[in-house]
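Undergrad: My file is run.csv. It has CSV, C-alpha atoms and all ligand atoms:
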chain,number,residue,atom,x,y,z
N,1,MET,CA,-10.3,-7.8,11.2
N,2,PRO,CA,-7.1,-5.6,11.4
N,3,THR,CA,-4.6,-6.0,8.7
N,4,PRO,CA,-1.7,-8.2,9.9
N,5,GLY,CA,1.4,-6.0,10.3
N,6,PHE,CA,-0.7,-2.8,10.2
N,7,VAL,CA,1.4,0.2,11.1
N,8,SER,CA,-0.3,3.2,12.8
N,9,LEU,CA,0.8,6.8,12.8
N,10,SER,CA,1.6,8.1,16.3
N,11,PRO,CA,-0.5,10.9,17.6
N,12,SER,CA,2.5,13.3,17.5
N,13,LEU,CA,3.1,12.5,13.8
N,14,LEU,CA,-0.6,13.0,13.1
N,15,ALA,CA,-0.4,16.3,14.8
N,16,GLU,CA,2.6,17.4,12.8
N,17,LEU,CA,1.3,16.6,9.3
N,18,PRO,CA,-1.2,19.4,9.1
N,19,THR,CA,1.5,21.9,9.9
N,20,ILE,CA,3.2,20.8,6.6
N,21,VAL,CA,0.3,20.4,4.2
N,22,GLY,CA,-2.6,22.1,6.0
N,23,SER,CA,-5.4,20.2,7.7
N,24,ASP,CA,-7.5,20.0,4.6
N,25,ASN,CA,-4.8,17.9,3.0
N,26,VAL,CA,-4.5,15.3,5.8
N,27,VAL,CA,-7.0,12.4,5.7
N,28,THR,CA,-7.3,10.1,8.6
N,29,GLU,CA,-10.6,8.3,8.4
N,30,GLY,CA,-13.8,7.5,6.4
N,31,LYS,CA,-14.5,7.2,2.7
N,32,GLY,CA,-11.8,9.7,1.9
N,33,LEU,CA,-9.1,7.5,3.4
N,34,GLU,CA,-10.6,4.3,1.9
N,35,THR,CA,-10.5,5.9,-1.6
N,36,LEU,CA,-7.0,7.1,-1.2
N,37,SER,CA,-6.0,3.6,-0.2
N,38,LYS,CA,-7.2,1.9,-3.4
N,39,ASP,CA,-6.2,1.6,-7.0
N,40,PHE,CA,-7.8,-0.6,-9.6
N,41,TYR,CA,-6.6,-4.0,-8.2
N,42,TRP,CA,-10.2,-5.0,-7.8
N,43,TYR,CA,-10.3,-5.6,-11.6
N,44,SER,CA,-8.6,-8.9,-10.8
N,45,PRO,CA,-10.5,-11.5,-8.8
N,46,VAL,CA,-7.1,-13.0,-7.8
N,47,LEU,CA,-5.9,-9.7,-6.3
N,48,THR,CA,-9.2,-9.0,-4.7
N,49,ASP,CA,-8.9,-12.2,-2.8
N,50,ARG,CA,-5.2,-11.8,-2.0
N,51,ILE,CA,-5.2,-8.1,-1.1
N,52,GLY,CA,-8.7,-7.8,0.4
N,53,GLU,CA,-9.6,-4.5,2.1
N,54,ARG,CA,-6.5,-2.5,3.1
N,55,VAL,CA,-6.6,1.1,4.4
N,56,ALA,CA,-3.7,3.3,5.3
N,57,SER,CA,-3.4,4.8,8.8
N,58,ALA,CA,-3.5,8.3,7.1
N,59,ALA,CA,-3.0,10.0,3.8
N,60,VAL,CA,-1.4,13.4,2.9
N,61,LYS,CA,-1.8,15.3,-0.3
N,62,VAL,CA,1.3,17.2,-1.1
N,63,GLN,CA,1.7,20.0,-3.6
N,64,SER,CA,5.4,20.8,-3.6
N,65,LEU,CA,8.8,19.2,-3.2
N,66,GLU,CA,9.3,20.8,0.2
N,67,GLN,CA,6.0,19.3,1.5
N,68,LEU,CA,6.9,15.9,0.1
N,69,LYS,CA,10.4,16.0,1.7
N,70,GLN,CA,9.0,17.1,5.1
N,71,ALA,CA,6.2,14.5,5.1
N,72,ALA,CA,8.5,11.7,4.0
N,73,ALA,CA,11.1,12.7,6.5
N,74,LEU,CA,8.6,12.6,9.4
N,75,ALA,CA,7.4,9.2,8.3
N,76,HIS,CA,10.9,7.9,7.9
N,77,ALA,CA,11.9,9.1,11.4
N,78,ASP,CA,9.1,7.0,12.9
N,79,ASN,CA,9.8,4.0,10.6
N,80,ILE,CA,6.4,4.4,9.0
N,81,PRO,CA,5.8,2.7,5.6
N,82,ILE,CA,5.0,5.1,2.7
N,83,THR,CA,2.9,4.4,-0.3
N,84,PRO,CA,3.2,7.0,-3.1
N,85,ARG,CA,0.2,7.5,-5.2
N,86,GLY,CA,-0.4,9.3,-8.5
N,87,ALA,CA,-3.9,8.9,-10.0
N,88,ALA,CA,-4.2,5.4,-8.7
N,89,THR,CA,-5.3,3.9,-12.0
N,90,GLY,CA,-2.8,1.1,-11.6
N,91,ASN,CA,-4.5,-2.3,-11.7
N,92,TYR,CA,-2.0,-4.5,-9.8
N,93,GLY,CA,-2.4,-3.1,-6.3
N,94,GLN,CA,0.9,-1.2,-6.4
N,95,ALA,CA,-0.7,1.9,-4.8
N,96,VAL,CA,-2.5,0.0,-2.1
N,97,PRO,CA,-0.9,0.4,1.4
N,98,LEU,CA,-0.5,-3.2,2.4
N,99,PHE,CA,0.7,-2.5,6.0
N,100,GLY,CA,-1.2,0.7,6.8
N,101,GLY,CA,1.3,3.6,7.3
N,102,LEU,CA,1.1,6.8,5.2
N,103,VAL,CA,-0.2,7.2,1.7
N,104,ILE,CA,1.4,10.2,0.0
N,105,ASP,CA,-0.9,11.5,-2.8
N,106,LEU,CA,1.3,13.3,-5.4
N,107,SER,CA,-1.5,14.1,-7.9
N,108,GLY,CA,-1.5,17.8,-6.8
N,109,PHE,CA,2.3,18.1,-7.2
N,110,ASP,CA,1.9,18.5,-10.9
N,111,ARG,CA,3.5,21.4,-12.6
N,112,ILE,CA,5.0,21.0,-16.1
N,113,ILE,CA,8.2,22.9,-15.9
N,114,ASP,CA,9.6,22.7,-19.4
N,115,ILE,CA,9.2,21.0,-22.7
N,116,SER,CA,12.1,21.6,-25.1
N,117,GLU,CA,14.4,19.7,-27.3
N,118,GLY,CA,12.2,16.6,-27.0
N,119,VAL,CA,12.4,16.4,-23.3
N,120,VAL,CA,9.7,17.0,-20.7
N,121,THR,CA,10.6,18.2,-17.3
N,122,ALA,CA,7.6,17.9,-14.9
N,123,GLU,CA,6.7,17.3,-11.3
N,124,PRO,CA,5.6,13.7,-10.6
N,125,GLY,CA,1.9,14.3,-10.5
N,126,ALA,CA,1.6,16.0,-13.9
N,127,ARG,CA,-1.1,14.2,-15.9
N,128,LEU,CA,0.0,12.8,-19.2
N,129,VAL,CA,-3.0,14.5,-20.9
N,130,HIS,CA,-1.6,17.9,-19.9
N,131,VAL,CA,1.9,17.0,-21.0
N,132,GLU,CA,0.6,15.8,-24.4
N,133,ASN,CA,-1.6,18.9,-24.8
N,134,GLN,CA,1.3,21.2,-24.0
N,135,ALA,CA,3.7,19.3,-26.2
N,136,ARG,CA,1.6,19.2,-29.4
N,137,PRO,CA,1.7,23.0,-30.2
N,138,LEU,CA,5.4,22.8,-29.7
N,139,GLY,CA,5.7,20.1,-32.4
N,140,TYR,CA,6.1,17.1,-30.1
N,141,GLU,CA,4.0,14.2,-29.0
N,142,LEU,CA,4.4,11.6,-26.3
N,143,ARG,CA,6.1,8.5,-27.7
N,144,CYS,CA,4.2,6.1,-25.5
N,145,TYR,CA,1.4,6.4,-23.0
N,146,PRO,CA,-1.2,4.2,-21.3
N,147,SER,CA,-4.9,4.0,-22.3
N,148,THR,CA,-5.6,5.8,-19.0
N,149,TRP,CA,-3.5,8.8,-20.2
N,150,VAL,CA,-6.3,11.3,-19.4
N,151,LYS,CA,-6.1,10.5,-15.7
N,152,SER,CA,-2.7,9.0,-15.0
N,153,THR,CA,0.4,10.8,-13.9
N,154,ILE,CA,3.8,10.9,-15.4
N,155,ALA,CA,5.4,9.3,-12.3
N,156,GLY,CA,2.7,6.6,-11.9
N,157,PHE,CA,3.2,5.6,-15.6
N,158,LEU,CA,7.0,5.4,-15.1
N,159,ALA,CA,6.9,3.7,-11.7
N,160,GLY,CA,3.9,1.5,-12.2
N,161,GLY,CA,2.9,1.3,-15.8
N,162,SER,CA,4.5,0.1,-19.0
N,163,GLY,CA,6.5,3.3,-19.1
N,164,GLY,CA,8.7,1.7,-16.5
N,165,SER,CA,9.4,-1.3,-18.6
N,166,VAL,CA,11.0,0.6,-21.4
N,167,ARG,CA,14.0,2.8,-20.8
N,168,SER,CA,12.5,5.6,-18.7
N,169,HIS,CA,14.1,8.4,-20.7
N,170,GLY,CA,12.4,6.9,-23.8
N,171,ALA,CA,9.0,6.9,-22.2
N,172,ALA,CA,9.3,10.4,-20.8
N,173,CYS,CA,10.7,11.8,-24.0
N,174,ALA,CA,8.5,13.7,-26.4
N,175,SER,CA,9.4,13.1,-30.0
N,176,PRO,CA,8.8,15.4,-33.0
N,177,VAL,CA,5.4,14.8,-34.6
D,1,LIG,C1,-8.7,0.1,-17.7
D,1,LIG,C2,-7.2,0.3,-17.5
D,1,LIG,C3,-6.4,0.3,-18.6
D,1,LIG,C4,-5.0,0.5,-18.5
D,1,LIG,N1,-4.2,0.5,-19.6
D,1,LIG,C5,-2.8,0.7,-19.4
D,1,LIG,C6,-2.0,0.7,-20.6
D,1,LIG,O1,-2.4,0.8,-21.7
D,1,LIG,N2,-0.6,0.8,-20.4
D,1,LIG,C7,-0.1,0.9,-19.1
D,1,LIG,O2,1.1,1.0,-19.0
D,1,LIG,N3,-0.9,0.8,-18.0
D,1,LIG,C8,-2.2,0.7,-18.2
D,1,LIG,N4,-3.0,0.7,-17.0
D,1,LIG,C9,-2.4,0.8,-15.7
D,1,LIG,C10,-2.3,2.3,-15.2
D,1,LIG,O3,-3.5,3.0,-15.6
D,1,LIG,C11,-1.1,3.1,-15.9
D,1,LIG,O4,0.1,2.3,-15.7
D,1,LIG,C12,-0.9,4.5,-15.3
D,1,LIG,O5,0.1,5.2,-16.1
D,1,LIG,C13,-0.5,4.6,-13.9
D,1,LIG,O6,-0.4,5.9,-13.5
D,1,LIG,P1,-1.1,6.4,-12.2
D,1,LIG,O7,-0.8,7.9,-12.0
D,1,LIG,O8,-2.5,6.1,-12.1
D,1,LIG,O9,-0.2,5.6,-11.1
D,1,LIG,P2,-0.6,5.0,-9.7
D,1,LIG,O10,-1.6,3.8,-9.9
D,1,LIG,O11,-1.0,6.1,-8.8
D,1,LIG,O12,0.8,4.4,-9.2
D,1,LIG,C14,1.4,3.3,-9.9
D,1,LIG,C15,2.7,2.9,-9.1
D,1,LIG,O13,3.6,4.0,-9.2
D,1,LIG,C16,3.9,4.4,-7.8
D,1,LIG,N5,4.1,5.9,-7.9
D,1,LIG,C17,3.2,6.8,-8.2
D,1,LIG,N6,3.7,8.0,-8.2
D,1,LIG,C18,5.0,7.9,-7.7
D,1,LIG,C19,6.1,8.7,-7.5
D,1,LIG,N7,6.0,10.1,-7.6
D,1,LIG,N8,7.2,8.2,-7.0
D,1,LIG,C20,7.4,6.9,-6.9
D,1,LIG,N9,6.4,6.0,-7.1
D,1,LIG,C21,5.2,6.5,-7.5
D,1,LIG,C22,2.8,3.9,-7.0
D,1,LIG,O14,3.2,3.7,-5.6
D,1,LIG,C23,2.4,2.6,-7.7
D,1,LIG,O15,3.3,1.6,-7.2
D,1,LIG,C24,-4.4,0.5,-17.2
D,1,LIG,C25,-5.3,0.5,-16.0
D,1,LIG,C26,-6.6,0.3,-16.2
D,1,LIG,C27,-7.5,0.3,-15.0
Please rewrite the model in this file as structure tokens.
Ligand SMILES: Cc1cc2nc3c(=O)[nH]c(=O)nc-3n(C[C@H](O)[C@H](O)[C@H](O)COP(=O)(O)OP(=O)(O)OC[C@H]3O[C@@H](n4cnc5c(N)ncnc54)[C@H](O)[C@@H]3O)c2cc1C

TA:
Amino acid sequence: MPTPGFVSLSPSLLAELPTIVGSDNVVTEGKGLETLSKDFYWYSPVLTDRIGERVASAAVKVQSLEQLKQAAALAHADNIPITPRGAATGNYGQAVPLFGGLVIDLSGFDRIIDISEGVVTAEPGARLVHVENQARPLGYELRCYPSTWVKSTIAGFLAGGSGGSVRSHGAACASPV
């Protein structure tokens, strides 16, 4: 049964996305799209019942700010809902596209730009494990992180995890060991 309120990408939008991210980074069907449409909501029988099976109309994997801006602008121009996704380890269904549209996978947009004076500057898909591993030799450690820190991304933790429930500069800060 189709998802109520499902929003499909138009053929012209589907044709434009590969020009931004390359055809290997646009997923429009099959297991790949199903996987990119899920997080760990199925841990909860309540959410499994309420969310059911939802699949995006398409997903793109972006690797730079420019790609992100262009993909988001195209979707916005067509009034297409966007679901950002990091490592999709969230267990409340926050990375599930409830109304189809476009999933934007940010896990490859992941450079750690700088760690200094107790502050990490990183692209959103940077994994916490890599941040921690780079911070340690500099004499810092992450002040808080989830038990899924080996997979999860810095933006996913701030937008969807407990990192977002403390002041975000506190969560993203690295403190002296
Ligand atoms: C077994 C298990 C244990 C867990 N333990 C913990 C724990 O100890 N503490 C804790 O806090 N959480 C925990 N979690 C939840 C989750 O793993 C973490 O919150 C994790 O940090 C989420 O990161 P992610 O990259 O997987 O985010 P995702 O699941 O990909 O995304 C989470 C939310 O952030 C949004 N998002 C992702 N990237 C961006 C972006 N760049 N811009 C805007 N929005 C974005 C998504 O749309 C989604 O709403 C656990 C989950 C499981 C399954």

Undergrad: Determine, for each residue of chain N having at least one atom at most 8 Å from an atom of ligand LIG 1 (chain D), the closest pair of atoms and their separation in Å to one decimal, counting all atoms listed in the file; order by chain and ascending number, as CSV.

TA:
residue,atom,partner,partner_atom,distance
N:Asp39,CA,D:LIG1,O10,5.9
N:Phe40,CA,D:LIG1,C27,5.5
N:Tyr43,CA,D:LIG1,C27,7.4
N:Thr83,CA,D:LIG1,O14,5.4
N:Pro84,CA,D:LIG1,O14,4.1
N:Arg85,CA,D:LIG1,O11,4.0
N:Gly86,CA,D:LIG1,O11,3.3
N:Ala87,CA,D:LIG1,O8,3.8
N:Ala88,CA,D:LIG1,O11,3.3
N:Thr89,CA,D:LIG1,O8,3.6
N:Gly90,CA,D:LIG1,O10,3.4
N:Asn91,CA,D:LIG1,C27,5.2
N:Tyr92,CA,D:LIG1,C9,7.9
N:Gly93,CA,D:LIG1,O15,7.4
N:Gln94,CA,D:LIG1,O15,3.8
N:Ala95,CA,D:LIG1,C23,4.3
N:Val96,CA,D:LIG1,O14,7.6
N:Asp105,CA,D:LIG1,N6,7.9
N:Leu106,CA,D:LIG1,N7,6.1
N:Ser107,CA,D:LIG1,O7,7.5
N:Pro124,CA,D:LIG1,N7,4.7
N:Gly125,CA,D:LIG1,N7,6.5
N:Arg127,CA,D:LIG1,O7,7.4
N:Tyr145,CA,D:LIG1,N2,6.5
N:Pro146,CA,D:LIG1,N2,3.6
N:Ser147,CA,D:LIG1,O1,4.1
N:Thr148,CA,D:LIG1,O3,4.9
N:Trp149,CA,D:LIG1,O5,6.5
N:Lys151,CA,D:LIG1,O8,6.7
N:Ser152,CA,D:LIG1,O7,3.7
N:Thr153,CA,D:LIG1,O7,3.7
N:Ile154,CA,D:LIG1,O7,6.5
N:Ala155,CA,D:LIG1,N6,4.6
N:Gly156,CA,D:LIG1,O9,3.2
N:Phe157,CA,D:LIG1,O5,3.2
N:Leu158,CA,D:LIG1,O13,7.0
N:Ala159,CA,D:LIG1,O13,4.2
N:Gly160,CA,D:LIG1,C15,3.6
N:Gly161,CA,D:LIG1,O4,3.0
N:Ser162,CA,D:LIG1,O2,3.5
N:Gly163,CA,D:LIG1,O2,5.9

Undergrad: Next, the residues of the selection above should be written as a PDB file, in the frame of the given file with C-alpha atoms.

TA:
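Output file again-v5.pdb follows:
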ATOM      1  CA  ASP N  39      -6.200   1.600  -7.000  1.00  0.00           C
ATOM      2  CA  PHE N  40      -7.800  -0.600  -9.600  1.00  0.00           C
ATOM      3  CA  TYR N  43     -10.300  -5.600 -11.600  1.00  0.00           C
ATOM      4  CA  THR N  83       2.900   4.400  -0.300  1.00  0.00           C
ATOM      5  CA  PRO N  84       3.200   7.000  -3.100  1.00  0.00           C
ATOM      6  CA  ARG N  85       0.200   7.500  -5.200  1.00  0.00           C
ATOM      7  CA  GLY N  86      -0.400   9.300  -8.500  1.00  0.00           C
ATOM      8  CA  ALA N  87      -3.900   8.900 -10.000  1.00  0.00           C
ATOM      9  CA  ALA N  88      -4.200   5.400  -8.700  1.00  0.00           C
ATOM     10  CA  THR N  89      -5.300   3.900 -12.000  1.00  0.00           C
ATOM     11  CA  GLY N  90      -2.800   1.100 -11.600  1.00  0.00           C
ATOM     12  CA  ASN N  91      -4.500  -2.300 -11.700  1.00  0.00           C
ATOM     13  CA  TYR N  92      -2.000  -4.500  -9.800  1.00  0.00           C
ATOM     14  CA  GLY N  93      -2.400  -3.100  -6.300  1.00  0.00           C
ATOM     15  CA  GLN N  94       0.900  -1.200  -6.400  1.00  0.00           C
ATOM     16  CA  ALA N  95      -0.700   1.900  -4.800  1.00  0.00           C
ATOM     17  CA  VAL N  96      -2.500   0.000  -2.100  1.00  0.00           C
ATOM     18  CA  ASP N 105      -0.900  11.500  -2.800  1.00  0.00           C
ATOM     19  CA  LEU N 106       1.300  13.300  -5.400  1.00  0.00           C
ATOM     20  CA  SER N 107      -1.500  14.100  -7.900  1.00  0.00           C
ATOM     21  CA  PRO N 124       5.600  13.700 -10.600  1.00  0.00           C
ATOM     22  CA  GLY N 125       1.900  14.300 -10.500  1.00  0.00           C
ATOM     23  CA  ARG N 127      -1.100  14.200 -15.900  1.00  0.00           C
ATOM     24  CA  TYR N 145       1.400   6.400 -23.000  1.00  0.00           C
ATOM     25  CA  PRO N 146      -1.200   4.200 -21.300  1.00  0.00           C
ATOM     26  CA  SER N 147      -4.900   4.000 -22.300  1.00  0.00           C
ATOM     27  CA  THR N 148      -5.600   5.800 -19.000  1.00  0.00           C
ATOM     28  CA  TRP N 149      -3.500   8.800 -20.200  1.00  0.00           C
ATOM     29  CA  LYS N 151      -6.100  10.500 -15.700  1.00  0.00           C
ATOM     30  CA  SER N 152      -2.700   9.000 -15.000  1.00  0.00           C
ATOM     31  CA  THR N 153       0.400  10.800 -13.900  1.00  0.00           C
ATOM     32  CA  ILE N 154       3.800  10.900 -15.400  1.00  0.00           C
ATOM     33  CA  ALA N 155       5.400   9.300 -12.300  1.00  0.00           C
ATOM     34  CA  GLY N 156       2.700   6.600 -11.900  1.00  0.00           C
ATOM     35  CA  PHE N 157       3.200   5.600 -15.600  1.00  0.00           C
ATOM     36  CA  LEU N 158       7.000   5.400 -15.100  1.00  0.00           C
ATOM     37  CA  ALA N 159       6.900   3.700 -11.700  1.00  0.00           C
ATOM     38  CA  GLY N 160       3.900   1.500 -12.200  1.00  0.00           C
ATOM     39  CA  GLY N 161       2.900   1.300 -15.800  1.00  0.00           C
ATOM     40  CA  SER N 162       4.500   0.100 -19.000  1.00  0.00           C
ATOM     41  CA  GLY N 163       6.500   3.300 -19.100  1.00  0.00           C
TER      42      GLY N 163
END

Undergrad: Using all atoms listed in the file, can you tell me which of N:Gly139, N:Val21, N:Val26, N:Ile82 comes closest to Phe109 (chain N)?

TA: N:Val21

Undergrad: Counting only C-alpha atoms, find residues at most 10 Å from (-9.0, -6.0, -0.1) (file frame) and give them as an MDAnalysis selection string.

TA: chainID N and resid 3 38 41:42 47:55 93 96 98

Undergrad: Under the rule that all atoms listed in the file are counted, which of N:Pro97, N:Leu138, N:Ala73, N:Gln63 is the nearest residue to Arg111 (chain N)?

TA: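 The answer is N:Gln63, which sits nearest to Arg111 (chain N).
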
Undergrad: Leaving out Val27 (chain N) and any residue of its chain fewer than 6 positions from it, which residues lie within 12 Å of it when counting all atoms listed in the file, given as a PyMOL selection string?

TA: chain N and resi 9+14-15+17-18+21+33-37+55-62+102-105

Undergrad: Pick from N:Gly108, N:Ile80, N:Pro45, N:Arg136: nearest to Asn25 (chain N), with all atoms listed in the file counted?

TA: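 Selected residue with least distance to Asn25 (chain N): N:Gly108.
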
Undergrad: Find the residue from N:Ala72, N:Cys144, N:Asp110, N:Glu117 that sits nearest to His130 (chain N); use all atoms listed in the file when measuring.

TA: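 Closest candidate: N:Asp110.
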
Undergrad: Hey, which of N:Leu65, N:Ile115, N:Ala71, N:Leu13 ends up closest to Tyr140 (chain N)? Count all atoms listed in the file.

TA: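 For Tyr140 (chain N), the nearest of the given residues is N:Ile115.
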